[in-house]
Every structure is written in C-alpha cells, then in structure tokens.
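Participant: I have a structure here, written as structure tokens, and I will follow up with some questions on it.
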Amino acid sequence: MGVSLRSLYRDIDSLRAAGALIEGERGYGYRLVEDCSLPPQTFDRIEIEALALGLAEVLHMGDSALAATFVLAKLSATLPDQGEHRLFHAVSHVLRLERRYPPTPDLNTIRQGCWRKEAVTIRYADKAGAVTQRTILPLAIAYLDRKLMVLAWCCLREAFRMFQADRIAAAHLTGTSFRPRRVTLLRTHLAELRGGSASRPDAERAS
C-alpha cells in the first residue's frame, strides 16, 4: 500500500483504540474479527440456500469472467460463523451432466460495451458460416435455456437483433458512446421480447 510498517502498526493501534476488533500482532499479521461499522449480513437460512443455488448455477455457465467462486468467498467472509457454515453446507445443489452452453469466446469486450454504453464492432458468423462485420450497440447478455445471446441494436440492419455468443469470432470497442440511447433501446427491445414481436437470432435471419 506504499506505507511503512511503522505507519501500518500505528494505524492498527488507532483502529483498535476506536473499537475495531482485530486479532494478531506485529510481525505475524492481522485479521479483522468484526467491523463495528458494518454489521454481519443477516440472511436467514432459506435466503442463504437461494444464494448458494444461484452462485452454483452461475459457476456451471462456464463464463469465468463472472467469477462465482470469488463471489462465494467474499460472501462467506461477510457472514457470521453460523451463516458461513450454512452457505458451505447448503442442501440445494446444481448438477448438470452436460455443458449448458457451447464454448463461447471471451465476452468481456461485450460486457464492457454494455457497461460503458459504447458501440462494439464484431465479426459474426451466420447459420451457414458466412462471416460479416457488424457494428452493434450492445444492450445486454441473455442466458437462454441452451444459448447465450447478446441483445443489441445492429447498425447494419438498423434493427434489434439477438446475436448468438458462440458465433462472435471477435469483438472490439469503437470508442463511440451511445449513452443517451441505451436505457430507451433496452426498454424497447425487452418490451418486444415480452410481447412476442422480438426478432429471432440474427444467425437465422436472411442476410
């Protein structure tokens, strides 16, 4: 952290004087037992079961960027001892004998485009294998039963499209923001999906 050990020890002493419960000693290390300013999470047993089940499902999706294992570790660190025990001994489990989604490229660029409200250029293969280059306005990543889809506005077709994630060969951020339009576009696209007027996956449409 760019501070001397002397400063670190002095800060630990100050925190202890302020009421923080910190185990350990100089030369060995410290552990924050309880932060009085942040009370332990008070999930009840069924809520902990839901969290364990949800994180297990994310883990089986195969998207390493979602880092479900690290989320589980962070969550357990915020729970009191009994809650932590229940989390790691939950009775709800996810067992899948086959891969739910086909292998997909790294979706981090698409995810960054959604977060930043930034247009993305992709190389996309249709159902017949023909590859085209598209500029899209990425709106969301949708986890269907057997397919992983990218919901977007296609600048080439000037329409909403669902791109099958495993057919995206490459993706690059363009630096062009669509921030003012993102909320309206996503709301409209989701309304079309719910109303049954949504476009089919782009790979299945005529070029």
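Ligands are numbered from 1 in the order shown, residues from 1 within each chain, and chains are lettered A, B, ... in the order they appear in the structure tokens.
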Determine which residues of chain A receive a DSSP assignment of alpha helix (DSSP H), computed from the backbone, and state them as JSON, numbers by chain.
Facilitator: {"A": [5, 6, 7, 8, 9, 10, 11, 12, 13, 14, 15, 16, 17, 45, 46, 47, 48, 49, 50, 51, 52, 53, 54, 55, 56, 57, 58, 59, 60, 68, 69, 70, 71, 72, 73, 74, 75, 76, 77, 78, 81, 82, 83, 84, 85, 86, 87, 88, 108, 109, 110, 111, 112, 113, 114, 115, 116, 179, 180, 181, 182, 183, 184, 185, 186, 187, 188, 189, 190, 191, 192, 193, 194, 195]}
Participant: Based on the selection just made, write C-alpha atoms of those residues as a compact mmCIF listing (two decimals), in the first residue's frame.
Facilitator:
# COMPACT_ATOMS: atom_id res chain seq x y z
CA LEU A 5 5.50 -0.93 8.65
CA ARG A 6 5.71 1.67 11.39
CA SER A 7 2.75 3.55 9.88
CA LEU A 8 0.83 0.31 9.48
CA TYR A 9 1.34 -0.67 13.11
CA ARG A 10 0.31 2.81 14.25
CA ASP A 11 -2.86 2.63 12.13
CA ILE A 12 -3.75 -0.77 13.58
CA ASP A 13 -3.36 0.64 17.09
CA SER A 14 -5.59 3.57 16.18
CA LEU A 15 -8.27 1.27 14.77
CA ARG A 16 -8.19 -0.87 17.90
CA ALA A 17 -8.49 2.24 20.07
CA ARG A 45 -31.43 -19.96 6.15
CA ILE A 46 -33.65 -20.06 3.04
CA GLU A 47 -32.02 -16.88 1.69
CA ILE A 48 -28.59 -18.50 2.10
CA GLU A 49 -29.90 -21.55 0.22
CA ALA A 50 -31.02 -19.25 -2.62
CA LEU A 51 -27.61 -17.56 -2.75
CA ALA A 52 -25.77 -20.89 -2.80
CA LEU A 53 -28.03 -22.20 -5.57
CA GLY A 54 -27.69 -19.06 -7.67
CA LEU A 55 -23.90 -18.98 -7.42
CA ALA A 56 -23.70 -22.69 -8.28
CA GLU A 57 -25.79 -22.06 -11.39
CA VAL A 58 -23.51 -19.20 -12.44
CA LEU A 59 -20.48 -21.46 -11.91
CA HIS A 60 -21.96 -24.04 -14.31
CA ALA A 68 -18.70 -17.11 -8.98
CA THR A 69 -16.06 -18.82 -6.82
CA PHE A 70 -14.60 -15.47 -5.72
CA VAL A 71 -18.08 -14.06 -5.09
CA LEU A 72 -18.81 -17.06 -2.87
CA ALA A 73 -15.61 -16.45 -0.91
CA LYS A 74 -16.40 -12.75 -0.44
CA LEU A 75 -19.95 -13.51 0.61
CA SER A 76 -18.83 -16.06 3.16
CA ALA A 77 -16.41 -13.51 4.64
CA THR A 78 -19.32 -11.15 5.42
CA ASP A 81 -19.98 -18.10 11.64
CA GLN A 82 -23.35 -19.85 11.55
CA GLY A 83 -24.26 -18.26 8.20
CA GLU A 84 -20.90 -19.21 6.70
CA HIS A 85 -21.42 -22.82 7.82
CA ARG A 86 -24.87 -22.90 6.22
CA LEU A 87 -23.54 -21.42 2.97
CA PHE A 88 -20.92 -24.12 2.52
CA ASN A 108 -15.54 -9.26 -21.58
CA THR A 109 -15.49 -6.82 -24.52
CA ILE A 110 -19.25 -7.17 -25.00
CA ARG A 111 -19.77 -6.75 -21.26
CA GLN A 112 -17.54 -3.65 -21.23
CA GLY A 113 -19.54 -2.23 -24.14
CA CYS A 114 -22.77 -2.70 -22.17
CA TRP A 115 -21.29 -1.12 -19.04
CA ARG A 116 -19.71 1.82 -20.87
CA ARG A 179 -25.09 6.53 -23.55
CA PRO A 180 -28.17 8.75 -24.06
CA ARG A 181 -29.95 5.98 -26.02
CA ARG A 182 -29.09 2.87 -24.02
CA VAL A 183 -31.95 2.87 -21.50
CA THR A 184 -34.61 3.57 -24.14
CA LEU A 185 -33.21 0.98 -26.54
CA LEU A 186 -33.05 -1.74 -23.89
CA ARG A 187 -36.55 -0.96 -22.59
CA THR A 188 -37.97 -1.11 -26.13
CA HIS A 189 -36.15 -4.33 -27.01
CA LEU A 190 -37.29 -6.07 -23.82
CA ALA A 191 -40.86 -4.93 -24.47
CA GLU A 192 -40.67 -6.51 -27.93
CA LEU A 193 -39.32 -9.73 -26.46
CA ARG A 194 -42.11 -9.91 -23.89
CA GLY A 195 -44.73 -9.02 -26.48
Participant: List every residue of segment 17-87 of chain A that DSSP, applied to the backbone of this structure, places in strand (DSSP E), and write the result as a ChimeraX atom specification.
Facilitator: /A:21-25,29-34
Participant: Quick one: everything within 9 Å of Glu23 of chain A, counting only C-alpha atoms, minus sequence neighbours fewer than 3 positions away in the same chain. Send it as an MDAnalysis selection string.
Facilitator: chainID A and resid 29:33
Participant: Check the smallest atom-to-atom distance from each of A:Lys147, A:Lys117, A:Arg99, A:His172 to Arg134 of chain A using only C-alpha atoms, then report the winner.
Facilitator: A:His172
Participant: Just the number, please: distance in Å from atom CA of Arg157 of chain A to atom CA of Ile136 of chain A, one decimal.
Facilitator: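 Between these atoms lies a distance of 9.7 Å.
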Participant: Find the residue from A:Thr42, A:Thr121, A:Thr174, A:Gln164 that sits nearest to Tyr143 of chain A; use only C-alpha atoms when measuring.
Facilitator: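 Ranked by minimum distance to Tyr143 of chain A, first place goes to A:Gln164.
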